[in-house]
>>> print(open('query-v5.txt').read())   # compact mmCIF, N, CA and C atoms
# COMPACT_ATOMS: atom_id res chain seq x y z
N MET A 1 1.31 34.41 1.22
CA MET A 1 0.39 33.71 2.10
C MET A 1 -0.63 32.90 1.30
N ALA A 2 -1.13 33.46 0.21
CA ALA A 2 -2.10 32.74 -0.61
C ALA A 2 -1.48 31.47 -1.17
N ARG A 3 -0.20 31.55 -1.54
CA ARG A 3 0.48 30.37 -2.09
C ARG A 3 0.55 29.26 -1.04
N ASN A 4 0.89 29.60 0.18
CA ASN A 4 0.95 28.60 1.24
C ASN A 4 -0.41 27.97 1.48
N LEU A 5 -1.46 28.79 1.49
CA LEU A 5 -2.81 28.28 1.69
C LEU A 5 -3.18 27.35 0.54
N ALA A 6 -2.88 27.74 -0.69
CA ALA A 6 -3.20 26.91 -1.84
C ALA A 6 -2.46 25.58 -1.78
N SER A 7 -1.20 25.61 -1.37
CA SER A 7 -0.46 24.35 -1.32
C SER A 7 -1.00 23.45 -0.21
N ARG A 8 -1.45 24.03 0.91
CA ARG A 8 -2.04 23.22 1.98
C ARG A 8 -3.37 22.62 1.54
N ILE A 9 -4.17 23.38 0.82
CA ILE A 9 -5.44 22.86 0.31
C ILE A 9 -5.18 21.71 -0.65
N GLY A 10 -4.21 21.91 -1.55
CA GLY A 10 -3.86 20.85 -2.50
C GLY A 10 -3.40 19.59 -1.79
N THR A 11 -2.58 19.76 -0.76
CA THR A 11 -2.12 18.62 0.01
C THR A 11 -3.29 17.89 0.64
N GLY A 12 -4.25 18.65 1.15
CA GLY A 12 -5.44 18.04 1.74
C GLY A 12 -6.22 17.24 0.72
N LYS A 13 -6.34 17.76 -0.50
CA LYS A 13 -7.06 17.03 -1.55
C LYS A 13 -6.34 15.73 -1.89
N VAL A 14 -5.01 15.82 -1.99
CA VAL A 14 -4.23 14.62 -2.30
C VAL A 14 -4.37 13.62 -1.16
N ARG A 15 -4.28 14.09 0.09
CA ARG A 15 -4.41 13.20 1.24
C ARG A 15 -5.79 12.55 1.25
N ASN A 16 -6.84 13.33 0.99
CA ASN A 16 -8.19 12.76 0.96
C ASN A 16 -8.33 11.72 -0.15
N ARG A 17 -7.76 12.00 -1.32
CA ARG A 17 -7.81 11.04 -2.43
C ARG A 17 -7.07 9.75 -2.02
N GLY A 18 -5.94 9.92 -1.34
CA GLY A 18 -5.18 8.77 -0.88
C GLY A 18 -5.95 7.95 0.15
N LEU A 19 -6.63 8.62 1.07
CA LEU A 19 -7.44 7.91 2.07
C LEU A 19 -8.58 7.16 1.42
N ARG A 20 -9.22 7.78 0.41
CA ARG A 20 -10.30 7.09 -0.31
C ARG A 20 -9.75 5.85 -1.02
N ALA A 21 -8.58 5.99 -1.63
CA ALA A 21 -7.96 4.85 -2.32
C ALA A 21 -7.64 3.74 -1.33
N GLU A 22 -7.13 4.10 -0.15
CA GLU A 22 -6.81 3.10 0.86
C GLU A 22 -8.07 2.40 1.38
N ARG A 23 -9.14 3.16 1.58
CA ARG A 23 -10.40 2.54 2.02
C ARG A 23 -10.91 1.57 0.95
N PHE A 24 -10.85 2.00 -0.31
CA PHE A 24 -11.28 1.13 -1.40
C PHE A 24 -10.41 -0.13 -1.45
N ALA A 25 -9.09 0.04 -1.35
CA ALA A 25 -8.18 -1.10 -1.41
C ALA A 25 -8.46 -2.08 -0.27
N ALA A 26 -8.72 -1.56 0.93
CA ALA A 26 -9.04 -2.43 2.07
C ALA A 26 -10.29 -3.26 1.76
N SER A 27 -11.32 -2.61 1.25
CA SER A 27 -12.55 -3.31 0.89
C SER A 27 -12.30 -4.32 -0.22
N TYR A 28 -11.52 -3.92 -1.22
CA TYR A 28 -11.18 -4.79 -2.36
C TYR A 28 -10.51 -6.07 -1.86
N LEU A 29 -9.55 -5.93 -0.94
CA LEU A 29 -8.83 -7.09 -0.43
C LEU A 29 -9.73 -7.94 0.49
N GLN A 30 -10.57 -7.29 1.28
CA GLN A 30 -11.48 -8.04 2.15
C GLN A 30 -12.45 -8.87 1.33
N ARG A 31 -12.92 -8.33 0.21
CA ARG A 31 -13.82 -9.09 -0.67
C ARG A 31 -13.12 -10.30 -1.28
N ARG A 32 -11.80 -10.30 -1.25
CA ARG A 32 -11.01 -11.41 -1.79
C ARG A 32 -10.45 -12.29 -0.68
N GLY A 33 -10.98 -12.14 0.54
CA GLY A 33 -10.66 -13.06 1.62
C GLY A 33 -9.61 -12.62 2.62
N LEU A 34 -8.98 -11.47 2.44
CA LEU A 34 -8.00 -11.02 3.41
C LEU A 34 -8.70 -10.37 4.60
N LYS A 35 -8.06 -10.45 5.75
CA LYS A 35 -8.60 -9.82 6.96
C LYS A 35 -7.73 -8.60 7.27
N LEU A 36 -8.35 -7.43 7.32
CA LEU A 36 -7.63 -6.19 7.63
C LEU A 36 -7.37 -6.12 9.13
N ILE A 37 -6.09 -5.87 9.51
CA ILE A 37 -5.79 -5.75 10.93
C ILE A 37 -5.22 -4.38 11.30
N ALA A 38 -4.76 -3.60 10.31
CA ALA A 38 -4.25 -2.25 10.63
C ALA A 38 -4.25 -1.39 9.37
N ARG A 39 -4.46 -0.10 9.59
CA ARG A 39 -4.36 0.90 8.51
C ARG A 39 -3.33 1.93 8.93
N ASN A 40 -2.54 2.38 7.97
CA ASN A 40 -1.55 3.45 8.19
C ASN A 40 -0.71 3.19 9.44
N TRP A 41 -0.12 2.02 9.52
CA TRP A 41 0.73 1.66 10.65
C TRP A 41 2.07 2.38 10.50
N HIS A 42 2.46 3.10 11.54
CA HIS A 42 3.69 3.90 11.52
C HIS A 42 4.73 3.35 12.48
N CYS A 43 5.98 3.50 12.11
CA CYS A 43 7.10 3.22 13.00
C CYS A 43 8.24 4.16 12.59
N ALA A 44 9.35 4.07 13.26
CA ALA A 44 10.48 4.95 12.94
C ALA A 44 11.01 4.70 11.53
N ARG A 45 10.80 3.52 11.00
CA ARG A 45 11.34 3.16 9.68
C ARG A 45 10.40 3.47 8.52
N GLY A 46 9.15 3.86 8.83
CA GLY A 46 8.23 4.20 7.74
C GLY A 46 6.79 3.91 8.08
N GLU A 47 5.99 3.83 7.02
CA GLU A 47 4.55 3.62 7.17
C GLU A 47 4.11 2.51 6.23
N ILE A 48 3.14 1.75 6.71
CA ILE A 48 2.53 0.71 5.88
C ILE A 48 1.06 1.07 5.75
N ASP A 49 0.57 1.17 4.49
CA ASP A 49 -0.82 1.59 4.26
C ASP A 49 -1.81 0.63 4.90
N LEU A 50 -1.67 -0.66 4.60
CA LEU A 50 -2.60 -1.66 5.13
C LEU A 50 -1.81 -2.87 5.60
N VAL A 51 -2.22 -3.44 6.71
CA VAL A 51 -1.66 -4.71 7.18
C VAL A 51 -2.83 -5.68 7.23
N CYS A 52 -2.68 -6.81 6.52
CA CYS A 52 -3.76 -7.80 6.43
C CYS A 52 -3.21 -9.18 6.77
N ILE A 53 -4.13 -10.10 6.95
CA ILE A 53 -3.78 -11.51 7.12
C ILE A 53 -4.49 -12.30 6.04
N GLU A 54 -3.73 -13.17 5.39
CA GLU A 54 -4.29 -14.11 4.42
C GLU A 54 -3.80 -15.50 4.83
N GLY A 55 -4.67 -16.28 5.41
CA GLY A 55 -4.26 -17.59 5.91
C GLY A 55 -3.24 -17.43 7.02
N GLU A 56 -2.04 -17.96 6.82
CA GLU A 56 -0.96 -17.89 7.80
C GLU A 56 0.10 -16.86 7.39
N THR A 57 -0.31 -15.89 6.57
CA THR A 57 0.63 -14.89 6.04
C THR A 57 0.19 -13.48 6.39
N ILE A 58 1.12 -12.70 6.90
CA ILE A 58 0.88 -11.27 7.08
C ILE A 58 1.16 -10.60 5.74
N VAL A 59 0.25 -9.78 5.29
CA VAL A 59 0.39 -9.10 4.01
C VAL A 59 0.48 -7.60 4.27
N PHE A 60 1.63 -7.02 3.93
CA PHE A 60 1.85 -5.59 4.06
C PHE A 60 1.53 -4.99 2.70
N VAL A 61 0.60 -4.04 2.67
CA VAL A 61 0.07 -3.55 1.39
C VAL A 61 0.39 -2.08 1.20
N GLU A 62 1.00 -1.77 0.06
CA GLU A 62 1.18 -0.40 -0.39
C GLU A 62 0.05 -0.11 -1.37
N VAL A 63 -0.62 1.02 -1.20
CA VAL A 63 -1.70 1.41 -2.10
C VAL A 63 -1.21 2.61 -2.92
N LYS A 64 -1.30 2.50 -4.23
CA LYS A 64 -0.93 3.59 -5.12
C LYS A 64 -2.10 3.88 -6.05
N GLN A 65 -2.42 5.15 -6.20
CA GLN A 65 -3.46 5.54 -7.14
C GLN A 65 -2.91 6.64 -8.04
N ARG A 66 -3.23 6.56 -9.29
CA ARG A 66 -2.89 7.59 -10.26
C ARG A 66 -4.15 7.96 -11.01
N GLN A 67 -4.27 9.24 -11.33
CA GLN A 67 -5.43 9.71 -12.07
C GLN A 67 -5.32 9.27 -13.53
N CYS A 68 -6.46 9.23 -14.21
CA CYS A 68 -6.48 8.92 -15.64
C CYS A 68 -5.57 9.90 -16.36
N GLY A 69 -4.79 9.40 -17.27
CA GLY A 69 -3.92 10.26 -18.06
C GLY A 69 -2.60 10.59 -17.40
N ALA A 70 -2.32 10.02 -16.23
CA ALA A 70 -1.04 10.27 -15.56
C ALA A 70 0.10 9.74 -16.43
N LEU A 71 1.24 10.39 -16.35
CA LEU A 71 2.39 9.98 -17.15
C LEU A 71 2.92 8.61 -16.74
N VAL A 72 2.75 8.27 -15.48
CA VAL A 72 3.23 6.99 -14.95
C VAL A 72 2.05 6.28 -14.30
N SER A 73 1.92 5.00 -14.57
CA SER A 73 0.84 4.24 -13.96
C SER A 73 1.11 4.02 -12.48
N ALA A 74 0.08 3.63 -11.76
CA ALA A 74 0.23 3.33 -10.33
C ALA A 74 1.25 2.20 -10.14
N GLU A 75 1.23 1.21 -11.00
CA GLU A 75 2.17 0.09 -10.91
C GLU A 75 3.61 0.56 -11.07
N GLU A 76 3.82 1.51 -11.97
CA GLU A 76 5.17 2.01 -12.25
C GLU A 76 5.67 3.02 -11.23
N SER A 77 4.79 3.48 -10.35
CA SER A 77 5.15 4.58 -9.47
C SER A 77 5.86 4.16 -8.19
N ILE A 78 6.00 2.88 -7.94
CA ILE A 78 6.68 2.43 -6.72
C ILE A 78 8.16 2.21 -7.03
N SER A 79 9.00 2.90 -6.29
CA SER A 79 10.45 2.85 -6.53
C SER A 79 11.12 1.77 -5.68
N ALA A 80 12.35 1.45 -6.04
CA ALA A 80 13.12 0.49 -5.25
C ALA A 80 13.35 1.04 -3.84
N GLY A 81 13.55 2.35 -3.72
CA GLY A 81 13.73 2.96 -2.40
C GLY A 81 12.49 2.81 -1.54
N LYS A 82 11.32 3.03 -2.14
CA LYS A 82 10.06 2.87 -1.41
C LYS A 82 9.89 1.42 -0.97
N LEU A 83 10.23 0.51 -1.85
CA LEU A 83 10.11 -0.91 -1.52
C LEU A 83 11.05 -1.29 -0.37
N ARG A 84 12.26 -0.73 -0.36
CA ARG A 84 13.18 -0.98 0.76
C ARG A 84 12.62 -0.43 2.07
N ARG A 85 12.03 0.78 2.02
CA ARG A 85 11.42 1.36 3.22
C ARG A 85 10.24 0.52 3.71
N LEU A 86 9.44 0.01 2.76
CA LEU A 86 8.34 -0.88 3.13
C LEU A 86 8.87 -2.14 3.81
N GLY A 87 9.93 -2.69 3.27
CA GLY A 87 10.55 -3.88 3.86
C GLY A 87 11.04 -3.61 5.27
N ALA A 88 11.66 -2.46 5.48
CA ALA A 88 12.16 -2.09 6.81
C ALA A 88 11.00 -1.92 7.79
N ALA A 89 9.93 -1.26 7.35
CA ALA A 89 8.75 -1.08 8.20
C ALA A 89 8.10 -2.43 8.49
N ALA A 90 8.02 -3.30 7.49
CA ALA A 90 7.45 -4.64 7.69
C ALA A 90 8.27 -5.41 8.71
N ASN A 91 9.60 -5.32 8.62
CA ASN A 91 10.45 -6.00 9.60
C ASN A 91 10.21 -5.47 11.01
N SER A 92 9.96 -4.16 11.14
CA SER A 92 9.64 -3.58 12.44
C SER A 92 8.32 -4.13 12.97
N TRP A 93 7.32 -4.24 12.08
CA TRP A 93 6.03 -4.80 12.49
C TRP A 93 6.20 -6.24 12.98
N ILE A 94 6.94 -7.02 12.20
CA ILE A 94 7.16 -8.43 12.56
C ILE A 94 7.88 -8.53 13.90
N ALA A 95 8.92 -7.70 14.10
CA ALA A 95 9.66 -7.74 15.37
C ALA A 95 8.76 -7.42 16.56
N ARG A 96 7.80 -6.55 16.33
CA ARG A 96 6.91 -6.13 17.41
C ARG A 96 5.76 -7.12 17.66
N TYR A 97 5.14 -7.61 16.58
CA TYR A 97 3.91 -8.39 16.72
C TYR A 97 4.06 -9.89 16.44
N ASP A 98 5.13 -10.31 15.79
CA ASP A 98 5.34 -11.73 15.51
C ASP A 98 6.82 -12.07 15.68
N PRO A 99 7.39 -11.80 16.87
CA PRO A 99 8.83 -12.00 17.05
C PRO A 99 9.26 -13.46 16.91
N ALA A 100 8.37 -14.40 17.14
CA ALA A 100 8.71 -15.82 16.99
C ALA A 100 8.69 -16.24 15.52
N GLY A 101 8.20 -15.37 14.63
CA GLY A 101 8.17 -15.68 13.20
C GLY A 101 7.22 -16.82 12.85
N LYS A 102 6.08 -16.87 13.53
CA LYS A 102 5.11 -17.95 13.27
C LYS A 102 4.36 -17.77 11.96
N LEU A 103 4.30 -16.53 11.48
CA LEU A 103 3.56 -16.24 10.25
C LEU A 103 4.51 -15.94 9.10
N GLY A 104 4.08 -16.29 7.90
CA GLY A 104 4.81 -15.87 6.72
C GLY A 104 4.54 -14.39 6.48
N ALA A 105 5.26 -13.79 5.56
CA ALA A 105 5.05 -12.37 5.28
C ALA A 105 5.36 -12.07 3.83
N ARG A 106 4.65 -11.08 3.30
CA ARG A 106 4.94 -10.59 1.95
C ARG A 106 4.48 -9.15 1.85
N ILE A 107 4.97 -8.47 0.81
CA ILE A 107 4.56 -7.10 0.52
C ILE A 107 3.82 -7.12 -0.81
N ASP A 108 2.60 -6.58 -0.81
CA ASP A 108 1.77 -6.51 -2.01
C ASP A 108 1.54 -5.06 -2.40
N LEU A 109 1.14 -4.86 -3.62
CA LEU A 109 0.75 -3.54 -4.13
C LEU A 109 -0.67 -3.61 -4.64
N VAL A 110 -1.49 -2.66 -4.23
CA VAL A 110 -2.80 -2.47 -4.85
C VAL A 110 -2.67 -1.19 -5.66
N ALA A 111 -2.70 -1.32 -6.97
CA ALA A 111 -2.52 -0.20 -7.90
C ALA A 111 -3.87 0.16 -8.50
N ILE A 112 -4.24 1.44 -8.37
CA ILE A 112 -5.52 1.92 -8.88
C ILE A 112 -5.22 3.00 -9.92
N ASN A 113 -5.65 2.76 -11.14
CA ASN A 113 -5.45 3.71 -12.22
C ASN A 113 -6.80 4.30 -12.59
N GLY A 114 -7.01 5.56 -12.20
CA GLY A 114 -8.30 6.21 -12.40
C GLY A 114 -9.08 6.19 -11.11
N ILE A 115 -10.39 6.23 -11.23
CA ILE A 115 -11.23 6.23 -10.03
C ILE A 115 -11.20 4.84 -9.38
N PRO A 116 -11.31 4.78 -8.05
CA PRO A 116 -11.32 3.47 -7.40
C PRO A 116 -12.52 2.63 -7.85
N ALA A 117 -12.24 1.57 -8.56
CA ALA A 117 -13.24 0.61 -9.03
C ALA A 117 -12.51 -0.69 -9.32
N ASP A 118 -13.20 -1.81 -9.16
CA ASP A 118 -12.57 -3.10 -9.41
C ASP A 118 -11.90 -3.16 -10.77
N SER A 119 -12.54 -2.59 -11.79
CA SER A 119 -12.00 -2.67 -13.15
C SER A 119 -10.72 -1.84 -13.33
N ASN A 120 -10.45 -0.91 -12.42
CA ASN A 120 -9.26 -0.06 -12.51
C ASN A 120 -8.18 -0.49 -11.54
N THR A 121 -8.36 -1.63 -10.90
CA THR A 121 -7.49 -2.04 -9.80
C THR A 121 -6.71 -3.29 -10.16
N HIS A 122 -5.43 -3.26 -9.83
CA HIS A 122 -4.54 -4.39 -10.08
C HIS A 122 -3.85 -4.74 -8.76
N TRP A 123 -4.03 -5.96 -8.31
CA TRP A 123 -3.41 -6.44 -7.07
C TRP A 123 -2.18 -7.25 -7.44
N ILE A 124 -1.02 -6.75 -7.08
CA ILE A 124 0.24 -7.42 -7.37
C ILE A 124 0.76 -8.00 -6.06
N LYS A 125 0.91 -9.31 -6.02
CA LYS A 125 1.36 -9.99 -4.82
C LYS A 125 2.88 -10.16 -4.82
N SER A 126 3.44 -10.12 -3.64
CA SER A 126 4.87 -10.43 -3.42
C SER A 126 5.80 -9.55 -4.24
N LEU A 127 5.77 -8.26 -3.96
CA LEU A 127 6.70 -7.35 -4.63
C LEU A 127 8.12 -7.67 -4.23
N SER A 128 9.04 -7.39 -5.13
CA SER A 128 10.45 -7.51 -4.81
C SER A 128 11.20 -6.40 -5.51
N ILE A 129 12.39 -6.10 -5.02
CA ILE A 129 13.21 -5.07 -5.65
C ILE A 129 13.61 -5.56 -7.03
N GLY A 130 13.50 -4.70 -8.03
CA GLY A 130 13.82 -5.08 -9.39
C GLY A 130 12.59 -5.40 -10.20
N GLY A 131 11.41 -5.33 -9.59
CA GLY A 131 10.17 -5.49 -10.33
C GLY A 131 9.70 -6.91 -10.50
N GLU A 132 10.47 -7.90 -10.00
CA GLU A 132 10.01 -9.28 -10.11
C GLU A 132 8.90 -9.51 -9.10
N THR A 133 7.94 -10.31 -9.47
CA THR A 133 6.85 -10.65 -8.55
C THR A 133 6.62 -12.15 -8.58
N ASP A 134 5.93 -12.60 -7.59
CA ASP A 134 5.53 -14.01 -7.52
C ASP A 134 4.03 -14.05 -7.41
N ASN A 135 3.34 -14.02 -8.53
CA ASN A 135 1.89 -13.99 -8.54
C ASN A 135 1.28 -15.37 -8.64
N GLY A 136 2.09 -16.41 -8.51
CA GLY A 136 1.58 -17.78 -8.47
C GLY A 136 0.76 -18.08 -9.63
>>> encode(input="query-v5.txt", output="structure tokens")
Amino acid sequence: MARNLASRIGTGKVRNRGLRAERFAASYLQRRGLKLIARNWHCARGEIDLVCIEGETIVFVEVKQRQCGALVSAEESISAGKLRRLGAAANSWIARYDPAGKLGARIDLVAINGIPADSNTHWIKSLSIGGETDNG
């Protein structure tokens, strides 16, 4: 029983750290001109941490945070499978809220290595499977 309680407490700490990272990422993106329209949007195909608008583009944002000294950086922690699930969830969002396809769309990553702070944050625009990006 103690083990189950400890694992639930740990999960709560991780969830709280994730929520703090998502709040920071939302603020980080808003300071850079994006408009936040949804947090933790869920559908049958998955979850999207943040949904924003930048000009005429819907931006689906995955937020990853890793503690200092982690074996893998936040940037390296997103898998091709996760990216495919994000794409499927983004397609569900588009089908529901922009079925006419009037807006462009992309998937971005906000990677936080260490405590949430601008200096520890890397915004990667237009993720694609295979690690290629289009950061303009």
>>> closest_residue(input="query-v5.txt", among="A:Ser126, A:Val110, A:Thr121, A:Glu54", to="Gly33 (chain A)", atoms="all atoms listed in the file")
A:Glu54
>>> axis_aligned_box(input="query-v5.txt", around="region 114-119 of chain A", padding_each_side="4 Å", output="AutoDock Vina command-line options")
--center_x -10.1 --center_y 1.5 --center_z -10.4 --size_x 14.2 --size_y 17.4 --size_z 13.9
>>> closest_residue(input="query-v5.txt", among="A:Ser73, A:Ser79, A:Ser128, A:Gln67", to="Ile115 (chain A)", atoms="only N, CA and C atoms")
A:Gln67
>>> atom_distance(input="query-v5.txt", atom1="atom N of Gly104 (chain A)", atom2="atom C of Gly55 (chain A)")
7.5 Å
>>> atom_distance(input="query-v5.txt", atom1="CA of His122 (chain A)", atom2="CA of Ile53 (chain A)")
18.6 Å
>>> atom_distance(input="query-v5.txt", atom1="CA of Ile37 (chain A)", atom2="CA of Glu76 (chain A)")
26.8 Å
>>> residues_around(input="query-v5.txt", residues="Cys52 (chain A)", least_positions_apart="5", cutoff="8 Å", atoms="only N, CA and C atoms", output="PyMOL selection string")
chain A and resi 34-39+57-61
>>> select_by_dssp(input="query-v5.txt", residues="region 25-134 of chain A", states="alpha helix (DSSP H)", output="ChimeraX atom specification")
/A:25-30,80-97
>>> closest_residue(input="query-v5.txt", among="A:Ala117, A:Ala111, A:Ile48, A:Ala70", to="Leu86 (chain A)", atoms="only N, CA and C atoms")
A:Ile48
>>> closest_residue(input="query-v5.txt", among="A:Ile78, A:Val51, A:Ile94, A:Gly46", to="Ala26 (chain A)", atoms="only C-alpha atoms")
A:Val51
>>> residues_around(input="query-v5.txt", residues="Ala44 (chain A)", least_positions_apart="2", cutoff="8 Å", atoms="only N, CA and C atoms", output="PyMOL selection string")
chain A and resi 41-42+46-47+88-89+92
>>> closest_residue(input="query-v5.txt", among="A:Ile124, A:Leu83, A:Ala105, A:Ala21", to="Val63 (chain A)", atoms="only N, CA and C atoms")
A:Ala21
>>> select_by_dssp(input="query-v5.txt", residues="region 29-80 of chain A", states="strand (DSSP E)", output="list in words")
Lys35, Leu36, Ile37, Ala38, Arg39, Asn40, Trp41, His42, Cys43, Gly46, Glu47, Ile48, Asp49, Leu50, Val51, Cys52, Ile53, Glu54, Thr57, Ile58, Val59, Phe60, Val61, Glu62, Val63, Lys64, Gln65 and Arg66 of chain A
>>> closest_residue(input="query-v5.txt", among="A:Glu62, A:Glu56, A:Ala90, A:Arg84", to="Leu103 (chain A)", atoms="only N, CA and C atoms")
A:Glu56
>>> residues_near_point(input="query-v5.txt", point="(-11.3, -3.9, -7.3)", cutoff="8 Å", atoms="all atoms listed in the file", output="VMD selection string")
chain A and resid 24 to 25 27 to 29 116 to 123
